[in-house]
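Trainee: Contents of start_37.pdb (PDB, C-alpha atoms and all ligand atoms):
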```pdb
MODEL        1
ATOM      1  CA  GLN M   1      88.299  85.877 119.539
ATOM      2  CA  PRO M   2      85.252  84.983 117.419
ATOM      3  CA  ASN M   3      84.948  88.286 115.570
ATOM      4  CA  SER M   4      88.605  89.292 115.441
ATOM      5  CA  ALA M   5      89.993  90.390 112.094
ATOM      6  CA  GLY M   6      91.785  87.042 111.931
ATOM      7  CA  ALA M   7      88.540  85.144 112.472
ATOM      8  CA  ARG M   8      86.856  87.258 109.811
ATOM      9  CA  PHE M   9      89.689  86.522 107.399
ATOM     10  CA  ARG M  10      89.365  82.780 108.027
ATOM     11  CA  ARG M  11      85.591  82.961 107.549
ATOM     12  CA  ALA M  12      86.011  84.770 104.226
ATOM     13  CA  LEU M  13      88.534  82.162 103.107
ATOM     14  CA  ALA M  14      86.132  79.348 104.012
ATOM     15  CA  GLU M  15      83.177  80.971 102.292
ATOM     16  CA  GLU M  16      84.609  82.349  99.045
ATOM     17  CA  LYS M  17      86.551  80.057  96.747
ATOM     18  CA  PRO M  18      88.934  81.333  95.617
ATOM     19  CA  LEU M  19      88.970  84.396  97.859
ATOM     20  CA  GLN M  20      89.577  87.610  95.918
ATOM     21  CA  ILE M  21      91.810  89.886  97.996
ATOM     22  CA  MET M  22      91.650  93.420  96.657
ATOM     23  CA  GLY M  23      94.373  96.002  97.119
ATOM     24  CA  THR M  24      93.128  99.134  98.881
ATOM     25  CA  ILE M  25      95.771 101.814  99.038
ATOM     26  CA  ASN M  26      93.962 103.916 101.635
ATOM     27  CA  ALA M  27      90.949 104.022 103.951
ATOM     28  CA  TYR M  28      88.538 105.416 101.374
ATOM     29  CA  CYS M  29      89.492 102.744  98.824
ATOM     30  CA  ALA M  30      88.803 100.137 101.523
ATOM     31  CA  MET M  31      85.297 101.582 101.967
ATOM     32  CA  MET M  32      84.621 101.399  98.224
ATOM     33  CA  ALA M  33      85.925  97.820  98.006
ATOM     34  CA  GLU M  34      83.762  96.821 100.970
ATOM     35  CA  GLN M  35      80.633  98.313  99.411
ATOM     36  CA  VAL M  36      81.351  96.590  96.092
ATOM     37  CA  GLY M  37      81.338  93.277  97.981
ATOM     38  CA  TYR M  38      84.954  92.188  98.515
ATOM     39  CA  ARG M  39      85.377  89.853 101.475
ATOM     40  CA  ALA M  40      89.094  90.573 102.010
ATOM     41  CA  ILE M  41      91.343  93.546 101.275
ATOM     42  CA  TYR M  42      95.079  94.084 101.044
ATOM     43  CA  LEU M  43      97.735  96.605 101.945
ATOM     44  CA  SER M  44     100.734  96.252  99.640
ATOM     45  CA  GLY M  45     104.197  97.031 100.975
ATOM     46  CA  GLY M  46     105.096  98.377  97.566
ATOM     47  CA  GLY M  47     101.930 100.457  97.739
ATOM     48  CA  VAL M  48     102.794 101.984 101.127
ATOM     49  CA  ALA M  49     106.271 102.833  99.849
ATOM     50  CA  ASN M  50     104.984 104.313  96.562
ATOM     51  CA  ALA M  51     101.793 106.053  97.634
ATOM     52  CA  SER M  52     102.450 107.110 101.214
ATOM     53  CA  TYR M  53     106.181 107.843 101.002
ATOM     54  CA  GLY M  54     107.030 108.341  97.311
ATOM     55  CA  LEU M  55     109.618 105.550  97.505
ATOM     56  CA  PRO M  56     110.272 102.393  95.448
ATOM     57  CA  ASP M  57     109.487  98.883  96.770
ATOM     58  CA  LEU M  58     113.026  98.165  97.965
ATOM     59  CA  GLY M  59     112.673  97.586 101.686
ATOM     60  CA  ILE M  60     113.035 101.256 102.618
ATOM     61  CA  THR M  61     109.845 101.694 104.629
ATOM     62  CA  SER M  62     109.639 100.488 108.228
ATOM     63  CA  MET M  63     107.147  98.658 110.408
ATOM     64  CA  ASN M  64     105.765 101.911 111.769
ATOM     65  CA  ASP M  65     105.323 103.335 108.274
ATOM     66  CA  VAL M  66     103.133 100.364 107.373
ATOM     67  CA  LEU M  67     101.294 100.285 110.719
ATOM     68  CA  GLU M  68     100.075 103.830 110.218
ATOM     69  CA  ASP M  69      98.268 102.803 107.036
ATOM     70  CA  VAL M  70      97.005  99.556 108.622
ATOM     71  CA  ARG M  71      95.350 101.534 111.427
ATOM     72  CA  ARG M  72      93.698 103.949 109.042
ATOM     73  CA  ILE M  73      92.364 101.234 106.755
ATOM     74  CA  SER M  74      91.194  98.818 109.419
ATOM     75  CA  ALA M  75      89.381 101.645 111.232
ATOM     76  CA  ALA M  76      87.440 102.483 108.074
ATOM     77  CA  SER M  77      86.289  98.983 107.095
ATOM     78  CA  GLU M  78      85.084  95.750 108.652
ATOM     79  CA  VAL M  79      86.556  93.726 105.790
ATOM     80  CA  PRO M  80      89.588  91.785 107.061
ATOM     81  CA  LEU M  81      92.903  93.199 105.907
ATOM     82  CA  LEU M  82      95.913  91.183 104.699
ATOM     83  CA  VAL M  83      99.122  93.152 105.219
ATOM     84  CA  ASP M  84     102.451  92.801 103.446
ATOM     85  CA  ILE M  85     105.103  92.781 106.193
ATOM     86  CA  ASP M  86     107.992  92.174 103.785
ATOM     87  CA  THR M  87     110.770  90.350 105.665
ATOM     88  CA  GLY M  88     109.312  91.212 109.098
ATOM     89  CA  TRP M  89     111.878  93.987 109.630
ATOM     90  CA  GLY M  90     114.537  92.192 111.591
ATOM     91  CA  GLY M  91     115.352  89.107 113.629
ATOM     92  CA  ALA M  92     113.070  86.819 115.629
ATOM     93  CA  PHE M  93     111.963  89.360 118.218
ATOM     94  CA  ASN M  94     111.456  92.057 115.601
ATOM     95  CA  ILE M  95     109.251  89.692 113.628
ATOM     96  CA  GLY M  96     107.339  88.766 116.780
ATOM     97  CA  ARG M  97     106.804  92.407 117.590
ATOM     98  CA  THR M  98     105.648  93.063 114.032
ATOM     99  CA  VAL M  99     102.990  90.331 114.329
ATOM    100  CA  LYS M 100     101.742  91.640 117.684
ATOM    101  CA  GLU M 101     101.614  95.215 116.421
ATOM    102  CA  MET M 102      99.805  94.211 113.233
ATOM    103  CA  ILE M 103      97.129  92.448 115.296
ATOM    104  CA  ARG M 104      96.837  95.481 117.568
ATOM    105  CA  ALA M 105      96.499  97.749 114.536
ATOM    106  CA  GLY M 106      93.576  95.685 113.220
ATOM    107  CA  ALA M 107      95.112  93.398 110.567
ATOM    108  CA  GLY M 108      93.584  89.941 110.050
ATOM    109  CA  ALA M 109      96.476  88.391 108.166
ATOM    110  CA  VAL M 110     100.056  89.068 107.067
ATOM    111  CA  HIS M 111     102.487  87.699 104.550
ATOM    112  CA  LEU M 112     106.122  87.289 105.502
ATOM    113  CA  GLU M 113     108.730  86.537 102.842
ATOM    114  CA  ASP M 114     112.073  84.823 102.423
ATOM    115  CA  GLN M 115     113.984  87.570 100.658
ATOM    116  CA  VAL M 116     117.041  89.117 102.284
ATOM    117  CA  ALA M 117     116.386  92.355 104.186
ATOM    118  CA  GLN M 118     117.718  94.313 101.216
ATOM    119  CA  LYS M 119     114.649  93.140  99.317
ATOM    120  CA  ARG M 120     113.319  93.859  95.846
ATOM    121  CA  CYS M 121     109.897  93.870  94.265
ATOM    122  CA  GLY M 122     108.865  90.210  93.774
ATOM    123  CA  HIS M 123     108.513  90.682  90.029
ATOM    124  CA  ARG M 124     111.994  92.147  89.424
ATOM    125  CA  PRO M 125     115.201  90.249  88.581
ATOM    126  CA  ASN M 126     118.146  89.514  90.893
ATOM    127  CA  LYS M 127     116.229  88.796  94.083
ATOM    128  CA  GLU M 128     118.266  87.184  96.861
ATOM    129  CA  ILE M 129     116.677  84.834  99.362
ATOM    130  CA  VAL M 130     117.689  83.600 102.795
ATOM    131  CA  SER M 131     118.258  79.888 103.481
ATOM    132  CA  GLN M 132     115.320  77.605 104.091
ATOM    133  CA  GLU M 133     116.437  77.287 107.745
ATOM    134  CA  GLU M 134     116.380  81.032 108.222
ATOM    135  CA  MET M 135     112.943  81.323 106.606
ATOM    136  CA  VAL M 136     111.595  78.560 108.844
ATOM    137  CA  ASP M 137     112.919  80.500 111.853
ATOM    138  CA  ARG M 138     111.118  83.627 110.645
ATOM    139  CA  ILE M 139     107.840  81.691 110.438
ATOM    140  CA  LYS M 140     108.355  80.097 113.855
ATOM    141  CA  ALA M 141     108.921  83.536 115.379
ATOM    142  CA  ALA M 142     105.809  84.924 113.678
ATOM    143  CA  ALA M 143     103.551  82.011 114.647
ATOM    144  CA  ASP M 144     104.779  82.055 118.241
ATOM    145  CA  ALA M 145     104.011  85.765 118.587
ATOM    146  CA  ARG M 146     100.322  85.497 117.668
ATOM    147  CA  THR M 147      98.095  87.044 120.336
ATOM    148  CA  ASP M 148      95.014  85.839 118.438
ATOM    149  CA  ASP M 149      94.948  82.178 117.389
ATOM    150  CA  ASP M 150      92.893  83.091 114.340
ATOM    151  CA  PHE M 151      95.429  85.595 113.002
ATOM    152  CA  PHE M 152      96.416  84.207 109.603
ATOM    153  CA  ILE M 153     100.087  83.978 108.646
ATOM    154  CA  ILE M 154     101.049  83.456 105.031
ATOM    155  CA  ALA M 155     104.595  82.430 104.168
ATOM    156  CA  ARG M 156     105.665  84.020 100.915
ATOM    157  CA  THR M 157     108.432  82.359  99.001
ATOM    158  CA  ASP M 158     110.415  84.116  96.313
ATOM    159  CA  ALA M 159     112.499  80.961  95.749
ATOM    160  CA  PHE M 160     110.940  80.028  92.408
ATOM    161  CA  GLN M 161     113.005  82.518  90.410
ATOM    162  CA  LYS M 162     116.378  81.334  91.668
ATOM    163  CA  GLU M 163     115.888  77.756  92.782
ATOM    164  CA  GLY M 164     112.997  76.526  90.675
ATOM    165  CA  LEU M 165     109.715  74.831  91.411
ATOM    166  CA  ASP M 166     110.769  71.803  93.467
ATOM    167  CA  ALA M 167     112.917  73.781  95.884
ATOM    168  CA  ALA M 168     110.210  76.422  96.258
ATOM    169  CA  VAL M 169     107.566  73.795  97.037
ATOM    170  CA  GLU M 170     109.898  72.123  99.520
ATOM    171  CA  ARG M 171     110.390  75.475 101.265
ATOM    172  CA  ALA M 172     106.653  76.054 101.322
ATOM    173  CA  ARG M 173     106.120  72.692 103.007
ATOM    174  CA  ALA M 174     108.734  73.502 105.624
ATOM    175  CA  CYS M 175     107.017  76.830 106.325
ATOM    176  CA  LEU M 176     103.654  75.140 106.863
ATOM    177  CA  GLU M 177     105.276  72.701 109.255
ATOM    178  CA  ALA M 178     106.762  75.668 111.136
ATOM    179  CA  GLY M 179     103.315  77.182 111.690
ATOM    180  CA  ALA M 180     102.355  79.092 108.542
ATOM    181  CA  ASP M 181      98.652  78.939 107.647
ATOM    182  CA  GLY M 182      99.051  79.444 103.913
ATOM    183  CA  ILE M 183     101.553  79.888 101.113
ATOM    184  CA  PHE M 184     102.180  82.775  98.722
ATOM    185  CA  ALA M 185     104.015  81.487  95.656
ATOM    186  CA  GLU M 186     105.544  84.678  94.273
ATOM    187  CA  ALA M 187     106.216  85.304  90.599
ATOM    188  CA  VAL M 188     105.445  81.862  89.238
ATOM    189  CA  HIS M 189     104.654  81.846  85.548
ATOM    190  CA  THR M 190     102.119  79.188  84.585
ATOM    191  CA  LEU M 191      98.933  77.528  85.767
ATOM    192  CA  ASP M 192     100.886  74.262  85.893
ATOM    193  CA  ASP M 193     103.247  75.881  88.421
ATOM    194  CA  TYR M 194     100.296  76.842  90.606
ATOM    195  CA  ARG M 195      98.889  73.340  90.258
ATOM    196  CA  ALA M 196     102.234  71.836  91.299
ATOM    197  CA  PHE M 197     102.391  74.170  94.303
ATOM    198  CA  ALA M 198      98.815  73.372  95.329
ATOM    199  CA  ASP M 199      99.453  69.629  95.066
ATOM    200  CA  GLY M 200     102.835  69.940  96.761
ATOM    201  CA  ILE M 201     101.409  71.652  99.844
ATOM    202  CA  GLY M 202      98.608  69.143 100.220
ATOM    203  CA  GLY M 203      95.609  71.419 100.053
ATOM    204  CA  ALA M 204      96.909  74.187 102.343
ATOM    205  CA  PRO M 205      95.660  77.617 101.216
ATOM    206  CA  LEU M 206      97.663  78.880  98.235
ATOM    207  CA  LEU M 207      97.813  82.538  97.211
ATOM    208  CA  ALA M 208      98.321  83.644  93.617
ATOM    209  CA  ASN M 209      99.567  87.210  93.160
ATOM    210  CA  ILE M 210      98.003  88.537  89.979
ATOM    211  CA  THR M 211      99.834  91.839  89.687
ATOM    212  CA  GLU M 212      99.836  93.712  86.388
ATOM    213  CA  PHE M 213     102.968  94.198  84.282
ATOM    214  CA  GLY M 214     104.795  91.481  86.277
ATOM    215  CA  ALA M 215     106.047  87.934  85.765
ATOM    216  CA  THR M 216     102.641  86.254  86.073
ATOM    217  CA  PRO M 217     100.044  86.443  83.267
ATOM    218  CA  LEU M 218      96.654  87.886  84.213
ATOM    219  CA  PHE M 219      95.001  84.520  84.837
ATOM    220  CA  THR M 220      91.268  84.636  85.547
ATOM    221  CA  ARG M 221      89.542  83.611  88.747
ATOM    222  CA  GLU M 222      88.224  80.488  87.006
ATOM    223  CA  GLU M 223      91.658  79.477  85.686
ATOM    224  CA  LEU M 224      93.237  79.939  89.108
ATOM    225  CA  ALA M 225      90.438  78.029  90.817
ATOM    226  CA  ASP M 226      91.090  75.129  88.436
ATOM    227  CA  ALA M 227      94.807  75.312  89.235
ATOM    228  CA  GLY M 228      94.113  74.970  92.951
ATOM    229  CA  ALA M 229      94.631  78.548  94.182
ATOM    230  CA  SER M 230      92.467  79.504  97.149
ATOM    231  CA  MET M 231      93.387  83.212  97.333
ATOM    232  CA  ILE M 232      93.870  85.651  94.466
ATOM    233  CA  LEU M 233      95.642  88.908  95.180
ATOM    234  CA  TYR M 234      95.257  92.125  93.176
ATOM    235  CA  PRO M 235      97.771  94.286  95.043
ATOM    236  CA  LEU M 236      97.843  97.539  93.096
ATOM    237  CA  SER M 237      95.239  97.257  90.330
ATOM    238  CA  ALA M 238      93.092 100.184  91.472
ATOM    239  CA  PHE M 239      96.175 102.209  92.480
ATOM    240  CA  ARG M 240      97.584 101.995  88.954
ATOM    241  CA  ALA M 241      94.257 103.071  87.483
ATOM    242  CA  MET M 242      93.936 105.919  89.996
ATOM    243  CA  ASN M 243      97.401 107.155  89.108
ATOM    244  CA  GLN M 244      96.618 107.219  85.414
ATOM    245  CA  ALA M 245      93.359 109.063  86.093
ATOM    246  CA  ALA M 246      95.082 111.625  88.331
ATOM    247  CA  LEU M 247      97.831 112.233  85.797
ATOM    248  CA  LYS M 248      95.283 112.893  83.074
ATOM    249  CA  VAL M 249      93.530 115.484  85.260
ATOM    250  CA  TYR M 250      96.798 117.167  86.277
ATOM    251  CA  ARG M 251      97.866 117.463  82.630
ATOM    252  CA  GLU M 252      94.507 118.576  81.348
ATOM    253  CA  ILE M 253      94.032 121.423  83.814
ATOM    254  CA  ARG M 254      97.642 122.523  83.438
ATOM    255  CA  GLU M 255      97.407 122.585  79.652
ATOM    256  CA  ASN M 256      93.884 123.876  79.134
ATOM    257  CA  GLY M 257      93.166 125.850  82.256
ATOM    258  CA  THR M 258      89.855 124.099  82.966
ATOM    259  CA  GLN M 259      88.589 120.720  84.112
ATOM    260  CA  GLN M 260      85.656 120.752  81.673
ATOM    261  CA  GLU M 261      87.139 117.970  79.507
ATOM    262  CA  VAL M 262      87.799 115.610  82.420
ATOM    263  CA  VAL M 263      84.943 116.264  84.810
ATOM    264  CA  ASP M 264      83.054 113.289  83.345
ATOM    265  CA  THR M 265      85.894 110.998  84.469
ATOM    266  CA  MET M 266      85.471 112.065  88.103
ATOM    267  CA  GLN M 267      83.527 110.454  90.919
ATOM    268  CA  THR M 268      80.855 113.022  91.810
ATOM    269  CA  ARG M 269      80.504 114.732  95.164
ATOM    270  CA  MET M 270      77.281 112.764  95.756
ATOM    271  CA  GLU M 271      78.967 109.436  94.998
ATOM    272  CA  LEU M 272      81.784 110.330  97.380
ATOM    273  CA  TYR M 273      79.273 111.237 100.090
ATOM    274  CA  ASP M 274      77.392 107.982  99.553
ATOM    275  CA  PHE M 275      80.495 105.847 100.055
ATOM    276  CA  LEU M 276      81.447 107.863 103.133
ATOM    277  CA  GLY M 277      77.963 107.826 104.664
ATOM    278  CA  TYR M 278      78.216 111.615 104.801
ATOM    279  CA  HIS M 279      74.485 112.165 105.223
ATOM    280  CA  ASP M 280      74.326 109.913 108.272
ATOM    281  CA  TYR M 281      76.912 112.124 109.923
ATOM    282  CA  GLU M 282      74.871 115.212 109.061
ATOM    283  CA  ARG M 283      71.708 113.625 110.431
ATOM    284  CA  LYS M 284      73.554 112.779 113.623
ATOM    285  CA  LEU M 285      74.598 116.402 114.000
ATOM    286  CA  ASP M 286      71.010 117.512 113.540
ATOM    287  CA  GLU M 287      69.766 114.916 116.010
ATOM    288  CA  LEU M 288      72.310 115.933 118.617
ATOM    289  CA  PHE M 289      72.306 119.679 118.277
ATOM    290  CA  ALA M 290      69.570 121.076 116.030
ATOM    291  CA  LYS M 291      66.412 119.877 117.805
ATOM    292  CA  GLY M 292      64.465 122.532 119.619
ATOM    293  CA  LYS M 293      66.656 125.282 118.281
ATOM    294  CA  GLY M 294      64.307 125.924 115.307
TER
HETATM  295  C1  LIG E   1     103.296  94.099  96.991
HETATM  296  O1  LIG E   1     102.330  94.498  96.342
HETATM  297  O2  LIG E   1     104.070  94.877  97.542
HETATM  298  C2  LIG E   1     103.518  92.685  97.132
HETATM  299  O3  LIG E   1     104.427  92.286  97.792
HETATM  300  C3  LIG E   1     102.618  91.760  96.492
ENDMDL
END
```
Spit out the file's structure as structure tokens when you get a sec.
Ligand code: PYR
Mentor:
Amino acid sequence: QPNSAGARFRRALAEEKPLQIMGTINAYCAMMAEQVGYRAIYLSGGGVANASYGLPDLGITSMNDVLEDVRRISAASEVPLLVDIDTGWGGAFNIGRTVKEMIRAGAGAVHLEDQVAQKRCGHRPNKEIVSQEEMVDRIKAAADARTDDDFFIIARTDAFQKEGLDAAVERARACLEAGADGIFAEAVHTLDDYRAFADGIGGAPLLANITEFGATPLFTREELADAGASMILYPLSAFRAMNQAALKVYREIRENGTQQEVVDTMQTRMELYDFLGYHDYERKLDELFAKGKG
């Protein structure tokens, strides 16, 4: 399918090096990211849990919880969406169903990880991972379930923390052999680690997760390009900033009884309308219903 979300994701990956993949917590954020020029956007599993359900990133939300947000975001933007599907929510057929449903909901890519179902945030201690054999089976199930050949499947490995670099790279290679299109090396610490991963997987696309307040320093696009990364993920950067901004407004109005001190921090009504294309909708209404009624 030449213009499927998967095909668009692959095109973006071929054309932008490294590809910046920007976290968009909801449909409106996706529209802003698109208009700023991002070629790929992201729905974080932690983000769905936190923002849509008020829950921590501990494997509590389900496939359907995530799908709801995927549908909303992919309907609002043409930019291909990478979706965090955690551990795939079950065994082989569950994972297969997850892949099919993600494609149906409009995703262009997913990442599937090797943590146990009782997962933790990738940047927290005491993660447990499944065996390499079990992870390879997860990837086989995902790749086999593709209903669009261009749909892009990224194997995420959390093995670095517990098993070290060599074992993690070995796992990554096995995942590629099993049908993964790219590798997400979670919570590695140095540019040398990324370089070793990139070399170890022989030029397959490598994703670097540059999440704030985590285990990985905030390396720049140029540094990561030099280290061989071909995708850079910013899962929750805007979400964290939005939260801080919202909290400031909540406190200010509660304490001082007016928004006068914070109104300058707000996006204006006109800016909102511009991103939404509000005036085009109004014109359409006029065109459809106002003519000749003057
Ligand atoms: C998350 O943001 O939830 C990731 O897994 C990167």
Trainee: Given a cut-off of 8 Å, what residues near ligand LIG 1 (chain E) show up using all atoms listed in the file, put as a PDB file with C-alpha atoms, in the frame of the given file?
Mentor:
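Result file follows (result17.pdb):
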```pdb
ATOM      1  CA  LEU M  43      97.735  96.605 101.945  1.00  0.00           C
ATOM      2  CA  SER M  44     100.734  96.252  99.640  1.00  0.00           C
ATOM      3  CA  GLY M  45     104.197  97.031 100.975  1.00  0.00           C
ATOM      4  CA  GLY M  46     105.096  98.377  97.566  1.00  0.00           C
ATOM      5  CA  GLY M  47     101.930 100.457  97.739  1.00  0.00           C
ATOM      6  CA  ASP M  57     109.487  98.883  96.770  1.00  0.00           C
ATOM      7  CA  ASP M  84     102.451  92.801 103.446  1.00  0.00           C
ATOM      8  CA  ASP M  86     107.992  92.174 103.785  1.00  0.00           C
ATOM      9  CA  CYS M 121     109.897  93.870  94.265  1.00  0.00           C
ATOM     10  CA  GLY M 122     108.865  90.210  93.774  1.00  0.00           C
ATOM     11  CA  GLU M 186     105.544  84.678  94.273  1.00  0.00           C
ATOM     12  CA  ASN M 209      99.567  87.210  93.160  1.00  0.00           C
ATOM     13  CA  THR M 211      99.834  91.839  89.687  1.00  0.00           C
ATOM     14  CA  LEU M 233      95.642  88.908  95.180  1.00  0.00           C
ATOM     15  CA  PRO M 235      97.771  94.286  95.043  1.00  0.00           C
ATOM     16  CA  LEU M 236      97.843  97.539  93.096  1.00  0.00           C
TER      17      LEU M 236
END
```
Trainee: May I have the residues within 7 Å of M:Val110 as a ChimeraX atom specification, using all atoms listed in the file and disregarding those fewer than 2 positions away in the same chain?
Mentor: /M:82-85,112,152-154
Trainee: Please tabulate, as a Markdown table, the residues of stretch 219-288 of chain M that come within 9 Å of stretch 205-208 of chain M, each with its closest pair of atoms and the distance in Å to one decimal, counting only C-alpha atoms and ordering rows by chain, then residue number upward.
Mentor:
```
| residue | atom | partner | partner_atom | distance |
| --- | --- | --- | --- | --- |
| M:Leu224 | CA | M:Ala208 | CA | 7.7 |
| M:Gly228 | CA | M:Leu206 | CA | 7.5 |
| M:Ala229 | CA | M:Leu206 | CA | 5.1 |
| M:Ser230 | CA | M:Leu206 | CA | 5.3 |
| M:Met231 | CA | M:Leu207 | CA | 4.5 |
| M:Ile232 | CA | M:Ala208 | CA | 5.0 |
| M:Leu233 | CA | M:Ala208 | CA | 6.1 |
```
Trainee: If the box runs along x, y and z of the file and leaves 6 Å on each side of stretch 16-31 of chain M, what are its centre and edge lengths in Å, one decimal, as AutoDock Vina command-line options?
Mentor:
```
--center_x 90.2 --center_y 92.7 --center_z 99.8 --size_x 23.2 --size_y 37.4 --size_z 20.3
```
Trainee: Which residues are near stretch 99-102 of chain M? Cut-off 10 Å, only C-alpha atoms, ignore same chain within fewer than 2 positions. Put them as a ChimeraX atom specification.
Mentor: /M:63-64,66-67,70-71,82-83,85,88,93-97,104-110,112,141-148,151,153
Trainee: Stretch 28-67 of chain M near stretch 274-290 of chain M within 12 Å: what's each residue's closest atom pair and its distance in Å to one decimal, counting only C-alpha atoms, ordered by chain then ascending residue number, as JSON lines?
Mentor:
```
{"residue": "M:Tyr28", "atom": "CA", "partner": "M:Leu276", "partner_atom": "CA", "distance": 7.7}
{"residue": "M:Cys29", "atom": "CA", "partner": "M:Phe275", "partner_atom": "CA", "distance": 9.6}
{"residue": "M:Ala30", "atom": "CA", "partner": "M:Phe275", "partner_atom": "CA", "distance": 10.2}
{"residue": "M:Met31", "atom": "CA", "partner": "M:Phe275", "partner_atom": "CA", "distance": 6.7}
{"residue": "M:Met32", "atom": "CA", "partner": "M:Phe275", "partner_atom": "CA", "distance": 6.3}
{"residue": "M:Ala33", "atom": "CA", "partner": "M:Phe275", "partner_atom": "CA", "distance": 9.9}
{"residue": "M:Glu34", "atom": "CA", "partner": "M:Phe275", "partner_atom": "CA", "distance": 9.6}
{"residue": "M:Gln35", "atom": "CA", "partner": "M:Phe275", "partner_atom": "CA", "distance": 7.6}
{"residue": "M:Val36", "atom": "CA", "partner": "M:Phe275", "partner_atom": "CA", "distance": 10.1}
```
Trainee: Atom CA of M:Asp192 and atom CA of M:Thr24 are how many Å apart?
Mentor: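 Straight-line distance from atom CA of M:Asp192 to atom CA of M:Thr24 works out to 29.1 Å.
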Trainee: Go through M:Ile41, M:Ser74, M:Glu128, M:Arg138 one by one, measure the shortest atom-to-atom distance of each to M:Thr87 using only C-alpha atoms, and give the residue with the smallest value.
Mentor: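 Looking only at the distances to M:Thr87, the closest residue turns out to be M:Arg138.
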Trainee: Do you know which residues are at most 12 Å from M:Asn243 counting all atoms listed in the file, after dropping those on the same chain fewer than 5 positions away, and could you put them as number ranges by chain?
Mentor: M: 25, 47, 50-51, 236-238, 248-250
Trainee: For M:Val188, list every protein, DNA or RNA residue within 12 Å, evaluated using only C-alpha atoms, and leave out those in the same chain fewer than 3 positions away; present the list as number ranges by chain.
Mentor: M: 122-123, 156-165, 168-169, 184-185, 191-197, 207-211, 214-219
Trainee: Using all atoms listed in the file, find the one residue out of M:Asp264, M:Asp166, M:Glu223, M:Glu113 that sits nearest to M:Gly59.
Mentor: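 Among the listed residues, the smallest separation from M:Gly59 belongs to M:Glu113.
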Trainee: Any idea what the distance is between atom CA of M:Glu134 and atom CA of M:Thr61?
Mentor: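 Here the two named atoms are 22.0 Å from each other.
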Trainee: Work out how far atom CA of M:Asp65 is from atom CA of M:Ala117, in Å to one decimal.
Mentor: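 Rounded to one decimal, the two atoms are 16.1 Å apart.
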Trainee: Counting all atoms listed in the file, which of M:Thr265, M:Thr220, M:Ala178, M:Trp89 gets nearest to M:Lys140?
Mentor: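 For M:Lys140, the nearest of the given residues is M:Ala178.
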